[in-house]
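Participant: Contents are mmCIF, C-alpha atoms; file name coords-v5.cif:
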```
data_structure
loop_
_atom_site.label_atom_id
_atom_site.label_comp_id
_atom_site.auth_asym_id
_atom_site.auth_seq_id
_atom_site.Cartn_x
_atom_site.Cartn_y
_atom_site.Cartn_z
CA MET A 917 0.00 0.00 0.00
CA LYS A 918 1.48 3.34 -0.97
CA ILE A 919 2.05 5.96 1.72
CA ILE A 920 0.28 9.25 1.29
CA SER A 921 0.22 12.49 3.27
CA LEU A 922 -3.33 12.13 4.50
CA ASN A 923 -5.01 13.86 7.39
CA PHE A 924 -7.29 11.51 9.24
CA ARG A 925 -9.55 14.51 9.37
CA HIS A 926 -10.17 13.88 5.67
CA LEU A 927 -11.44 10.44 6.55
CA ARG A 928 -13.71 12.08 9.11
CA ALA A 929 -15.00 14.34 6.33
CA PHE A 930 -15.88 11.26 4.29
CA LYS A 931 -17.52 9.57 7.29
CA GLU A 932 -19.61 12.62 8.24
CA THR A 933 -20.72 13.17 4.65
CA ALA A 934 -21.71 9.51 4.35
CA GLN A 935 -23.76 9.64 7.52
CA LEU A 936 -25.38 13.03 6.93
CA HIS A 937 -25.69 12.78 3.11
CA SER A 938 -24.56 16.40 2.95
CA VAL A 939 -21.23 18.13 2.40
CA LYS A 940 -22.54 21.27 4.08
CA ALA A 941 -23.64 19.45 7.25
CA ALA A 942 -20.39 17.49 7.37
CA ALA A 943 -18.34 20.69 7.04
CA GLU A 944 -20.18 22.28 9.96
CA ASN A 945 -19.66 19.20 12.14
CA ILE A 946 -15.89 19.04 11.70
CA PHE A 947 -15.14 22.77 11.35
CA LEU A 948 -14.06 22.71 7.70
CA THR A 949 -15.25 24.65 4.70
CA GLN A 950 -17.52 22.96 2.20
CA SER A 951 -14.81 23.21 -0.42
CA ALA A 952 -12.32 21.48 1.92
CA VAL A 953 -14.73 18.58 2.47
CA THR A 954 -15.39 18.33 -1.25
CA GLN A 955 -11.65 18.28 -1.98
CA ALA A 956 -11.03 15.66 0.73
CA ILE A 957 -13.63 13.34 -0.78
CA ALA A 958 -12.33 13.89 -4.31
CA ARG A 959 -8.82 13.13 -3.14
CA LEU A 960 -9.93 9.90 -1.51
CA GLU A 961 -11.79 8.82 -4.64
CA THR A 962 -8.76 9.57 -6.79
CA TYR A 963 -6.48 7.68 -4.44
CA LEU A 964 -8.77 4.66 -4.28
CA GLY A 965 -9.53 4.74 -7.99
CA MET A 966 -13.29 4.49 -7.64
CA PRO A 967 -16.27 6.68 -6.69
CA LEU A 968 -17.44 6.54 -3.09
CA PHE A 969 -20.57 8.65 -3.57
CA LEU A 970 -23.47 9.05 -5.94
CA ARG A 971 -24.10 12.82 -6.25
CA ARG A 972 -27.81 13.50 -6.41
CA HIS A 973 -29.95 16.61 -6.15
CA ASN A 974 -31.15 15.51 -2.70
CA GLY A 975 -27.77 14.66 -1.26
CA MET A 976 -24.69 12.39 -1.26
CA PHE A 977 -25.28 8.64 -1.16
CA LEU A 978 -22.72 5.88 -0.87
CA THR A 979 -21.83 3.52 -3.68
CA ASP A 980 -21.15 -0.15 -2.91
CA ALA A 981 -17.49 0.80 -2.59
CA GLY A 982 -18.44 3.64 -0.27
CA ASP A 983 -20.40 1.28 1.97
CA LEU A 984 -17.38 -1.00 2.34
CA TYR A 985 -15.02 1.90 2.90
CA LEU A 986 -17.25 3.50 5.54
CA ILE A 987 -17.08 0.39 7.75
CA ARG A 988 -13.28 0.36 7.71
CA VAL A 989 -12.89 4.13 8.07
CA THR A 990 -15.23 4.16 11.06
CA ARG A 991 -13.24 1.39 12.71
CA ALA A 992 -9.93 3.13 11.95
CA LEU A 993 -11.09 6.44 13.41
CA ASN A 994 -12.43 4.70 16.51
CA TYR A 995 -9.04 3.05 17.03
CA LEU A 996 -7.28 6.40 16.72
CA LYS A 997 -9.69 7.95 19.19
CA GLN A 998 -9.07 5.12 21.64
CA GLY A 999 -5.31 5.40 21.15
CA VAL A 1000 -5.31 9.14 21.84
CA ARG A 1001 -7.47 8.60 24.92
CA GLU A 1002 -5.10 5.90 26.25
CA ALA A 1003 -2.05 8.07 25.58
CA LEU A 1004 -3.53 11.11 27.32
CA ARG A 1005 -4.52 8.95 30.28
CA SER A 1006 -1.03 7.55 30.80
CA GLY A 1007 1.27 10.30 29.52
CA GLU A 1008 3.24 13.24 30.88
CA ARG A 1009 1.94 16.65 29.74
CA ILE A 1010 4.49 19.07 28.32
CA HIS A 1011 2.67 22.29 29.24
CA PRO A 1012 -0.85 23.52 30.07
CA GLN A 1013 -2.93 23.76 26.93
CA ALA A 1014 -6.41 25.00 26.11
CA ARG A 1015 -8.77 22.39 24.77
CA SER A 1016 -9.25 22.58 20.99
CA LYS A 1017 -12.69 22.42 19.39
CA ILE A 1018 -11.27 19.91 16.93
CA ALA A 1019 -10.64 16.42 18.30
CA ILE A 1020 -6.95 15.51 18.45
CA GLU A 1021 -7.44 12.30 16.47
CA ASP A 1022 -8.95 14.35 13.63
CA GLN A 1023 -5.80 16.47 13.42
CA LEU A 1024 -3.37 13.55 13.18
CA SER A 1025 -1.61 13.19 9.86
CA HIS A 1026 -0.62 9.99 8.13
CA VAL A 1027 3.00 11.21 8.18
CA GLN A 1028 2.95 11.66 11.96
CA VAL A 1029 1.53 8.20 12.54
CA ARG A 1030 3.99 6.54 10.14
CA THR A 1031 6.83 8.39 11.87
CA LEU A 1032 5.66 7.17 15.26
CA LEU A 1033 5.53 3.59 14.06
CA ALA A 1034 8.96 3.86 12.42
CA LEU A 1035 10.46 5.10 15.69
CA LEU A 1036 8.85 2.16 17.46
CA GLN A 1037 10.96 -0.18 15.30
CA THR A 1038 14.24 1.75 15.55
CA THR A 1039 16.40 3.56 18.08
CA SER A 1040 17.32 6.66 16.10
CA TYR A 1041 15.79 9.36 13.94
CA SER A 1042 18.28 8.66 11.17
CA THR A 1043 17.33 4.98 10.98
CA ALA A 1044 13.64 5.89 11.01
CA ALA A 1045 14.27 8.37 8.18
CA ARG A 1046 15.94 5.67 6.07
CA HIS A 1047 13.07 3.32 6.80
CA LEU A 1048 10.52 5.89 5.64
CA GLY A 1049 12.60 7.13 2.72
CA VAL A 1050 12.59 10.74 3.93
CA SER A 1051 15.13 13.17 5.36
CA GLN A 1052 16.10 13.15 9.03
CA PRO A 1053 14.78 16.71 9.55
CA SER A 1054 11.40 15.51 8.26
CA VAL A 1055 11.32 12.83 10.95
CA TYR A 1056 12.33 15.36 13.62
CA ARG A 1057 9.58 17.69 12.47
CA ALA A 1058 6.86 15.05 12.33
CA ALA A 1059 7.81 13.69 15.76
CA GLY A 1060 7.88 17.17 17.27
CA ASP A 1061 4.55 18.10 15.68
CA LEU A 1062 2.98 14.96 17.11
CA GLU A 1063 4.25 15.76 20.62
CA ASP A 1064 2.92 19.33 20.30
CA LEU A 1065 -0.45 18.13 19.06
CA LEU A 1066 -0.89 15.66 21.93
CA ASN A 1067 0.95 17.88 24.43
CA LEU A 1068 2.71 14.73 25.66
CA ARG A 1069 6.24 13.43 26.02
CA LEU A 1070 6.40 10.68 23.41
CA PHE A 1071 10.14 10.21 22.89
CA GLU A 1072 13.06 10.07 25.30
CA LYS A 1073 16.80 9.69 24.92
CA THR A 1074 18.42 6.55 26.29
CA SER A 1075 21.93 5.13 26.29
CA ILE A 1076 21.22 3.38 22.99
CA GLY A 1077 19.23 6.11 21.25
CA ILE A 1078 15.56 7.07 21.15
CA SER A 1079 12.82 5.12 22.89
CA LEU A 1080 9.07 5.58 23.13
CA THR A 1081 7.37 6.57 26.37
CA LYS A 1082 4.49 4.61 27.84
CA ALA A 1083 2.01 7.04 26.29
CA ALA A 1084 3.60 6.64 22.86
CA ARG A 1085 3.46 2.86 23.09
CA ARG A 1086 -0.21 3.00 24.00
CA LEU A 1087 -0.85 5.16 20.96
CA THR A 1088 1.20 2.96 18.61
CA ARG A 1089 -0.90 -0.12 19.31
CA PHE A 1090 -4.11 1.58 18.24
CA ALA A 1091 -2.42 3.42 15.38
CA GLN A 1092 -1.29 0.06 14.00
CA LEU A 1093 -4.83 -1.26 14.28
CA ALA A 1094 -6.16 1.84 12.50
CA LEU A 1095 -3.73 1.52 9.61
CA ARG A 1096 -4.51 -2.18 9.31
CA GLU A 1097 -8.18 -1.28 8.86
CA LEU A 1098 -7.24 1.06 6.01
CA ASP A 1099 -5.13 -1.70 4.42
CA LEU A 1100 -8.09 -4.06 4.64
CA ALA A 1101 -10.30 -1.38 3.11
CA GLN A 1102 -8.10 -1.29 0.03
CA TYR A 1103 -8.08 -5.08 -0.24
CA GLU A 1104 -11.88 -5.17 -0.03
CA LEU A 1105 -12.25 -2.47 -2.65
CA GLY A 1106 -9.84 -4.37 -4.87
CA GLU A 1107 -11.91 -7.50 -4.47
CA LEU A 1108 -15.03 -5.51 -5.35
CA ASN A 1109 -13.23 -4.32 -8.46
CA GLY A 1110 -12.22 -7.85 -9.46
CA THR A 1111 -8.64 -7.77 -8.17
CA ASP A 1112 -8.25 -9.44 -4.78
CA THR A 1113 -4.73 -8.86 -3.45
CA THR A 1114 -5.60 -9.48 0.21
CA LYS A 1115 -2.70 -10.32 2.49
CA ILE A 1116 -3.49 -12.65 5.38
CA THR A 1117 -0.94 -12.85 8.18
CA VAL A 1118 -1.15 -15.97 10.32
CA GLY A 1119 0.66 -16.76 13.53
CA SER A 1120 1.47 -20.48 13.38
CA MET A 1121 2.16 -22.75 16.32
CA PRO A 1122 3.79 -26.19 15.96
CA LEU A 1123 0.83 -28.48 15.41
CA ALA A 1124 -0.84 -26.25 12.82
CA ARG A 1125 2.31 -26.20 10.66
CA THR A 1126 2.28 -29.89 9.84
CA TYR A 1127 -1.12 -30.34 8.21
CA ILE A 1128 -3.99 -27.90 8.83
CA LEU A 1129 -2.24 -24.70 7.81
CA PRO A 1130 -0.45 -25.97 4.66
CA ALA A 1131 -3.63 -27.71 3.48
CA ALA A 1132 -5.73 -24.58 4.09
CA ILE A 1133 -3.27 -22.37 2.24
CA ASN A 1134 -3.17 -24.67 -0.78
CA ARG A 1135 -6.95 -24.85 -0.94
CA LEU A 1136 -7.33 -21.06 -0.66
CA ALA A 1137 -4.65 -20.53 -3.30
CA GLN A 1138 -6.63 -22.70 -5.72
CA LEU A 1139 -9.68 -20.47 -5.23
CA LYS A 1140 -7.84 -17.14 -5.06
CA PRO A 1141 -4.36 -17.50 -6.57
CA GLU A 1142 -3.63 -13.76 -6.35
CA ILE A 1143 -3.92 -13.42 -2.57
CA ARG A 1144 -0.84 -13.36 -0.33
CA ILE A 1145 -0.28 -15.22 2.94
CA GLU A 1146 2.47 -14.59 5.46
CA ILE A 1147 3.20 -17.26 8.08
CA VAL A 1148 4.81 -16.00 11.27
CA GLU A 1149 6.42 -18.39 13.74
CA GLY A 1150 7.71 -17.67 17.20
CA PRO A 1151 6.97 -17.95 20.93
CA TYR A 1152 3.29 -17.73 21.83
CA ASP A 1153 3.68 -14.60 23.96
CA ASP A 1154 5.33 -12.73 21.08
CA GLN A 1155 2.65 -13.84 18.64
CA LEU A 1156 -0.10 -12.81 21.05
CA GLN A 1157 1.29 -9.29 21.33
CA ARG A 1158 1.54 -9.05 17.54
CA LEU A 1159 -2.06 -10.20 17.27
CA LEU A 1160 -3.20 -7.51 19.70
CA ARG A 1161 -1.37 -4.85 17.65
CA GLY A 1162 -2.96 -6.00 14.41
CA GLU A 1163 0.29 -7.31 12.94
CA LEU A 1164 -1.27 -10.79 12.84
CA ASP A 1165 -4.81 -11.53 11.73
CA LEU A 1166 -5.14 -14.78 13.65
CA LEU A 1167 -3.23 -17.51 15.45
CA ILE A 1168 -3.66 -21.21 14.72
CA GLY A 1169 -2.45 -23.82 17.19
CA ALA A 1170 -2.82 -24.93 20.80
CA LEU A 1171 -5.25 -22.78 22.78
CA ARG A 1172 -4.38 -21.35 26.19
CA ILE A 1173 -6.38 -22.06 29.33
CA PRO A 1174 -7.07 -19.80 31.10
CA LEU A 1175 -7.46 -17.09 28.48
CA PRO A 1176 -4.27 -14.96 28.56
CA SER A 1177 -6.02 -11.71 27.57
CA THR A 1178 -9.53 -10.31 27.79
CA ASP A 1179 -9.02 -8.77 24.34
CA ILE A 1180 -8.95 -12.11 22.51
CA GLU A 1181 -11.29 -14.99 21.86
CA GLN A 1182 -10.54 -18.63 21.11
CA GLU A 1183 -12.38 -21.16 18.96
CA THR A 1184 -11.68 -24.86 19.42
CA LEU A 1185 -11.30 -26.79 16.15
CA PHE A 1186 -10.49 -30.21 17.59
CA LEU A 1187 -8.89 -31.98 20.53
CA THR A 1188 -5.66 -33.89 20.16
CA PRO A 1189 -3.92 -36.11 22.73
CA LEU A 1190 -0.20 -36.04 23.37
CA SER A 1191 2.01 -39.05 22.65
CA ILE A 1192 5.53 -40.21 23.36
CA VAL A 1193 7.33 -40.44 20.04
CA GLY A 1194 10.63 -41.93 18.90
CA ARG A 1195 12.25 -43.18 15.71
CA ALA A 1196 10.63 -46.21 14.08
CA GLN A 1197 13.45 -48.57 15.23
CA HIS A 1198 13.57 -47.24 18.79
CA PRO A 1199 14.29 -49.97 21.41
CA LEU A 1200 11.03 -49.19 23.22
CA THR A 1201 9.00 -50.19 20.17
CA GLN A 1202 9.62 -53.77 21.32
CA SER A 1203 8.06 -53.10 24.72
CA THR A 1204 4.40 -53.09 25.64
CA GLN A 1205 3.66 -50.33 28.10
CA PRO A 1206 7.27 -49.52 29.15
CA SER A 1207 7.71 -48.21 32.67
CA LEU A 1208 8.59 -44.66 33.66
CA ALA A 1209 12.00 -45.95 34.69
CA GLU A 1210 12.56 -47.26 31.17
CA LEU A 1211 11.51 -43.92 29.70
CA GLY A 1212 14.01 -42.21 31.97
CA GLN A 1213 16.88 -44.14 30.39
CA TYR A 1214 16.65 -42.14 27.17
CA GLY A 1215 17.29 -38.50 26.34
CA TRP A 1216 14.31 -36.24 25.69
CA VAL A 1217 13.51 -33.36 23.36
CA VAL A 1218 10.56 -31.33 24.66
CA PRO A 1219 8.90 -27.93 24.10
CA ARG A 1220 10.15 -24.94 26.06
CA GLN A 1221 8.73 -23.81 29.39
CA GLY A 1222 5.40 -22.00 29.20
CA THR A 1223 3.80 -24.18 26.53
CA PRO A 1224 0.83 -26.51 27.25
CA ALA A 1225 2.75 -29.58 26.04
CA ARG A 1226 5.70 -28.82 28.32
CA ALA A 1227 3.40 -28.34 31.32
CA MET A 1228 1.90 -31.79 30.68
CA PHE A 1229 5.34 -33.36 30.23
CA ASP A 1230 6.52 -31.92 33.55
CA GLN A 1231 3.38 -33.12 35.31
CA LEU A 1232 2.94 -36.60 33.81
CA ILE A 1233 6.51 -37.71 33.10
CA ALA A 1234 9.16 -35.59 34.78
CA ALA A 1235 7.37 -35.30 38.12
CA GLN A 1236 7.32 -39.10 38.35
CA GLN A 1237 10.76 -39.71 36.86
CA PRO A 1238 13.10 -36.72 37.39
CA ALA A 1239 15.88 -38.57 35.58
CA VAL A 1240 14.38 -37.42 32.28
CA TYR A 1241 15.70 -33.91 32.97
CA LYS A 1242 19.24 -35.17 32.54
CA GLY A 1243 20.48 -34.04 29.13
CA LEU A 1244 17.07 -32.50 28.34
CA ILE A 1245 16.84 -30.54 25.08
CA GLU A 1246 14.24 -27.78 24.76
CA CYS A 1247 13.18 -27.16 21.18
CA SER A 1248 10.09 -26.01 19.27
CA SER A 1249 11.44 -26.56 15.75
CA GLN A 1250 9.78 -29.54 14.09
CA ILE A 1251 12.73 -29.91 11.72
CA VAL A 1252 15.30 -30.01 14.52
CA ILE A 1253 13.20 -32.38 16.65
CA ARG A 1254 12.74 -34.71 13.69
CA GLN A 1255 16.47 -34.95 13.01
CA LEU A 1256 17.39 -35.35 16.69
CA LEU A 1257 15.02 -38.32 16.97
CA LEU A 1258 16.05 -39.94 13.69
CA ASP A 1259 19.74 -39.83 14.62
CA SER A 1260 19.38 -41.12 18.20
CA ASN A 1261 17.19 -42.95 20.69
CA ARG A 1262 15.81 -39.72 22.09
CA LEU A 1263 12.09 -39.37 22.78
CA THR A 1264 9.74 -36.42 22.43
CA PHE A 1265 6.34 -35.48 23.82
CA ILE A 1266 4.08 -34.15 21.08
CA SER A 1267 0.79 -34.70 19.30
CA ARG A 1268 0.58 -37.61 16.89
CA HIS A 1269 -0.69 -35.17 14.25
CA GLN A 1270 2.75 -33.59 14.20
CA ILE A 1271 4.40 -36.77 12.94
CA LYS A 1272 1.66 -37.70 10.45
CA GLN A 1273 4.01 -37.77 7.45
CA GLU A 1274 6.91 -39.34 9.35
CA GLU A 1275 4.65 -42.21 10.42
CA GLU A 1276 3.40 -42.71 6.88
CA PHE A 1277 7.01 -42.88 5.62
CA GLY A 1278 8.04 -45.30 8.37
CA LEU A 1279 10.43 -42.86 10.05
CA MET A 1280 8.81 -42.32 13.45
CA THR A 1281 6.34 -44.11 15.67
CA VAL A 1282 4.32 -43.65 18.85
CA ILE A 1283 5.67 -45.48 21.88
CA ASP A 1284 3.05 -47.68 23.56
CA PHE A 1285 2.61 -45.74 26.81
CA ASP A 1286 -0.73 -44.74 28.30
CA LEU A 1287 -1.04 -40.96 28.59
CA ALA A 1288 -4.51 -40.34 29.98
CA ASN A 1289 -6.16 -36.93 30.03
CA THR A 1290 -3.69 -35.23 27.70
CA ASP A 1291 -6.18 -33.89 25.17
CA ARG A 1292 -5.26 -30.37 24.09
CA PRO A 1293 -7.65 -27.97 22.36
CA ILE A 1294 -6.30 -26.87 18.99
CA GLY A 1295 -7.94 -23.89 17.38
CA ILE A 1296 -8.07 -20.29 16.23
CA THR A 1297 -7.25 -17.21 18.31
CA THR A 1298 -8.41 -13.75 17.18
CA ARG A 1299 -8.97 -10.30 18.63
CA LYS A 1300 -12.48 -9.81 19.97
CA ASP A 1301 -12.94 -6.71 17.86
CA TRP A 1302 -11.57 -8.26 14.65
CA HIS A 1303 -13.71 -7.67 11.56
CA PRO A 1304 -12.46 -10.16 8.93
CA SER A 1305 -12.72 -9.42 5.24
CA THR A 1306 -14.56 -11.73 2.86
CA THR A 1307 -11.31 -13.44 1.89
CA GLN A 1308 -10.28 -13.87 5.52
CA LYS A 1309 -13.70 -15.40 6.27
CA LEU A 1310 -13.16 -17.82 3.39
CA PHE A 1311 -9.79 -18.84 4.83
CA LEU A 1312 -11.39 -19.43 8.24
CA ALA A 1313 -14.10 -21.56 6.66
CA ILE A 1314 -11.47 -23.70 4.92
CA VAL A 1315 -9.55 -24.19 8.18
CA ARG A 1316 -12.76 -25.21 9.96
CA ASN A 1317 -13.74 -27.66 7.21
CA LEU A 1318 -10.31 -29.30 7.18
CA SER A 1319 -10.35 -29.62 10.96
CA SER A 1320 -13.81 -31.16 10.90
CA ALA A 1321 -12.74 -33.67 8.23
CA LEU A 1322 -9.66 -34.55 10.29
CA THR A 1323 -11.80 -35.18 13.37
CA ASP A 1324 -14.29 -37.30 11.39
CA SER A 1325 -11.51 -39.48 9.94
CA GLU A 1326 -10.28 -40.35 13.43
CA SER A 1327 -13.66 -41.09 14.97
#
```
Could you render the structure from this file as structure tokens?
Facilitator:
Amino acid sequence: MKIISLNFRHLRAFKETAQLHSVKAAAENIFLTQSAVTQAIARLETYLGMPLFLRRHNGMFLTDAGDLYLIRVTRALNYLKQGVREALRSGERIHPQARSKIAIEDQLSHVQVRTLLALLQTTSYSTAARHLGVSQPSVYRAAGDLEDLLNLRLFEKTSIGISLTKAARRLTRFAQLALRELDLAQYELGELNGTDTTKITVGSMPLARTYILPAAINRLAQLKPEIRIEIVEGPYDDQLQRLLRGELDLLIGALRIPLPSTDIEQETLFLTPLSIVGRAQHPLTQSTQPSLAELGQYGWVVPRQGTPARAMFDQLIAAQQPAVYKGLIECSSQIVIRQLLLDSNRLTFISRHQIKQEEEFGLMTVIDFDLANTDRPIGITTRKDWHPSTTQKLFLAIVRNLSSALTDSES
């Protein structure tokens, strides 16, 4: 998406005109001239490449594109309003300031917000300037203008450069969510125009990587070959924070109980039990129900602390046979785990789904050991306030259908 110098106040002009069906009434509401509102709307239509309004003698009425755009613009402006409110609540004022008739969020510029987000990712104005493709003085100016507008300390010098204050970080989260809404608006308008270039960003946890996610991506690509999908891997806590900032659209994998945030919701797709797994020729494959003492004779590769599978391993295996901690390897990489097991007599503690292909090829097998009550819920995690696009809804439907088919095949 190309970056433009856009006042969010222009988006407010579009929103007010759409709701009031009148340029004149919109101008009065947001303290602009009628010509300024008219120019703002014309600029948006030029930028988007399609009309947002039908101009009639009795007022301004939204086109189909305008209806779609209004939903996203309203959500974006609400996020900005919430971000400004959170920043003002937690920030340090620079000086006393009279209250403006114009809401602060309506005075924010696209340049100021992009500058703020660039400084979130860097530790210097010069690096932020290179990232944005502008001069360093431009970054200084935009950052200073934003502090003046909010009347808050947003940036502070540290031993390693520039860092954001608590108020700035509060604002960045909602600014990211607002810009994501505007990205989605463009994707939806493109789809309406016959060119769907939607980008779906998915946070993937171990079990989802082996079957559900690849199968869902391939099926969606057959239906919509032009869409883009980014798969992000990493620790759950990092992925959760990215989800809350709008950098990820959804997470697929093991659900957390209890819910780690009141801002998310979880949907269970299926339950999967944990198994003890080793290479196909592992010595324990000759044993029926080996003892815990026998399990303790071999090295283990297990997930890191803080994951549901690791908690179950500690409770069901390690608590009864502490010897398994000797030479323990913590790893979440399926590729590394696979090779460690194939080249040794090590064991791991994972879902059978994760070795589906290895079992089919005769490389790995489940050790015959009773692990009762180890069912884990696998599913989708999203923000409560997420409003998926049509293409994102299609992707979710595919994931649900594949999960249902997987459950049916095992019943």
Participant: Name the residues in contact with Leu1167 in chain A at a cut-off of 7 Å, using only C-alpha atoms, excluding same-chain residues fewer than 5 positions from it; report them as a PDB file with C-alpha atoms, keeping the file's coordinate frame.
Facilitator:
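File result.pdb, as written:
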```pdb
ATOM      1  CA  VAL A1118      -1.150 -15.970  10.320  1.00  0.00           C
ATOM      2  CA  GLY A1119       0.660 -16.760  13.530  1.00  0.00           C
ATOM      3  CA  SER A1120       1.470 -20.480  13.380  1.00  0.00           C
ATOM      4  CA  ILE A1296      -8.070 -20.290  16.230  1.00  0.00           C
ATOM      5  CA  THR A1297      -7.250 -17.210  18.310  1.00  0.00           C
ATOM      6  CA  THR A1298      -8.410 -13.750  17.180  1.00  0.00           C
TER       7      THR A1298
END
```
Participant: Using the chain letters and numbers from the file, give me the residues hit by the PyMOL selection byres ((chain A and resi 1173) around 10), as JSON, numbers by chain.
Facilitator: {"A": [1170, 1171, 1172, 1174, 1175, 1176, 1182, 1224, 1292, 1293]}
Participant: I'd like the interatomic distance between CA of Ala1003 in chain A and CA of Arg1086 in chain A, to a tenth of an Å.
Facilitator: 5.6 Å
Participant: How far is it from CA of Gln1205 in chain A to CA of Ala1124 in chain A, in Å with one decimal?
Facilitator: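 Pair CA of Gln1205 in chain A / CA of Ala1124 in chain A returns 28.9 Å.
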Participant: Can you measure CA of Val1055 in chain A to CA of Tyr1041 in chain A for me? One decimal in Å is fine.
Facilitator: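 For CA of Val1055 in chain A relative to CA of Tyr1041 in chain A, the distance reads 6.4 Å.
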Participant: Any chance you could work out the residue set of the PyMOL selection byres ((chain A and resi 1267-1277) around 9) here, as a list of chain:residue names?
Facilitator: A:Pro1122, A:Leu1123, A:Ala1124, A:Arg1125, A:Thr1126, A:Tyr1127, A:Thr1188, A:Pro1189, A:Leu1190, A:Ser1191, A:Ile1192, A:Val1193, A:Ala1196, A:Ala1225, A:Gln1250, A:Arg1254, A:Phe1265, A:Ile1266, A:Gly1278, A:Leu1279, A:Met1280, A:Thr1281, A:Val1282, A:Arg1292
Participant: On this structure, which residues satisfy the PyMOL selection byres ((chain A and resi 1201) around 12), written as a PyMOL selection string?
Facilitator: chain A and resi 1192-1200+1202-1206+1210-1211+1261+1263+1280-1285
Participant: As a ChimeraX atom specification, please: the residues near Val1218 in chain A (cut-off 8 Å, only C-alpha atoms, same-chain neighbours under 3 positions excluded).
Facilitator: /A:1226,1229,1244-1248,1264-1266
Participant: Taking into account only C-alpha atoms, which residue in the set A:Glu1072, A:Glu944, A:Asp983, A:Glu1163 is nearest to Phe1090 in chain A?
Facilitator: A:Glu1163
Participant: Can you work out which one of A:Gln1221, A:Gln1023, A:Ser1319, A:Gln1102 has the shortest atom-to-atom distance to Leu984 in chain A, counting all atoms listed in the file?
Facilitator: A:Gln1102
Participant: Identify the residues around (-9.6, -4.7, -1.5) within a radius of 12 Å, measuring from all atoms listed in the file in the coordinates stated by the file, and give them as a PyMOL selection string.
Facilitator: chain A and resi 917+964-966+981+984-985+988+1097-1115+1142-1143+1305-1308
Participant: Find, counting all atoms listed in the file, the residue in A:Ile987, A:Ala1227, A:Ala1084, A:Leu927 that gets nearest to Glu1021 in chain A.
Facilitator: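 Under the stated criterion, the closest residue is A:Leu927.
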Participant: Which is closer to Asp1064 in chain A than all the others in A:Arg1299, A:His1047, A:His1011, A:His1026, using only C-alpha atoms?
Facilitator: A:His1011
Participant: Can you tell me which residues surround Ile1314 in chain A at a distance of at most 10 Å, considering only C-alpha atoms, apart from same-chain residues fewer than 2 positions away, and format the answer as a ChimeraX atom specification?
Facilitator: /A:1128-1129,1131-1133,1135-1136,1308-1312,1316-1320
Participant: Using only C-alpha atoms, which protein or nucleic acid residues come within 7 Å of Ile1294 in chain A? Drop anything in the same chain fewer than 4 positions from it, and give the result as number ranges by chain.
Facilitator: A: 1169-1171, 1184-1187
Participant: Which is closest to Leu1032 in chain A among A:Ile1116, A:Leu1066, A:Ala1091, A:Val1217, if we use all atoms listed in the file?
Facilitator: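 Using all atoms listed in the file, the shortest distance to Leu1032 in chain A belongs to A:Ala1091.
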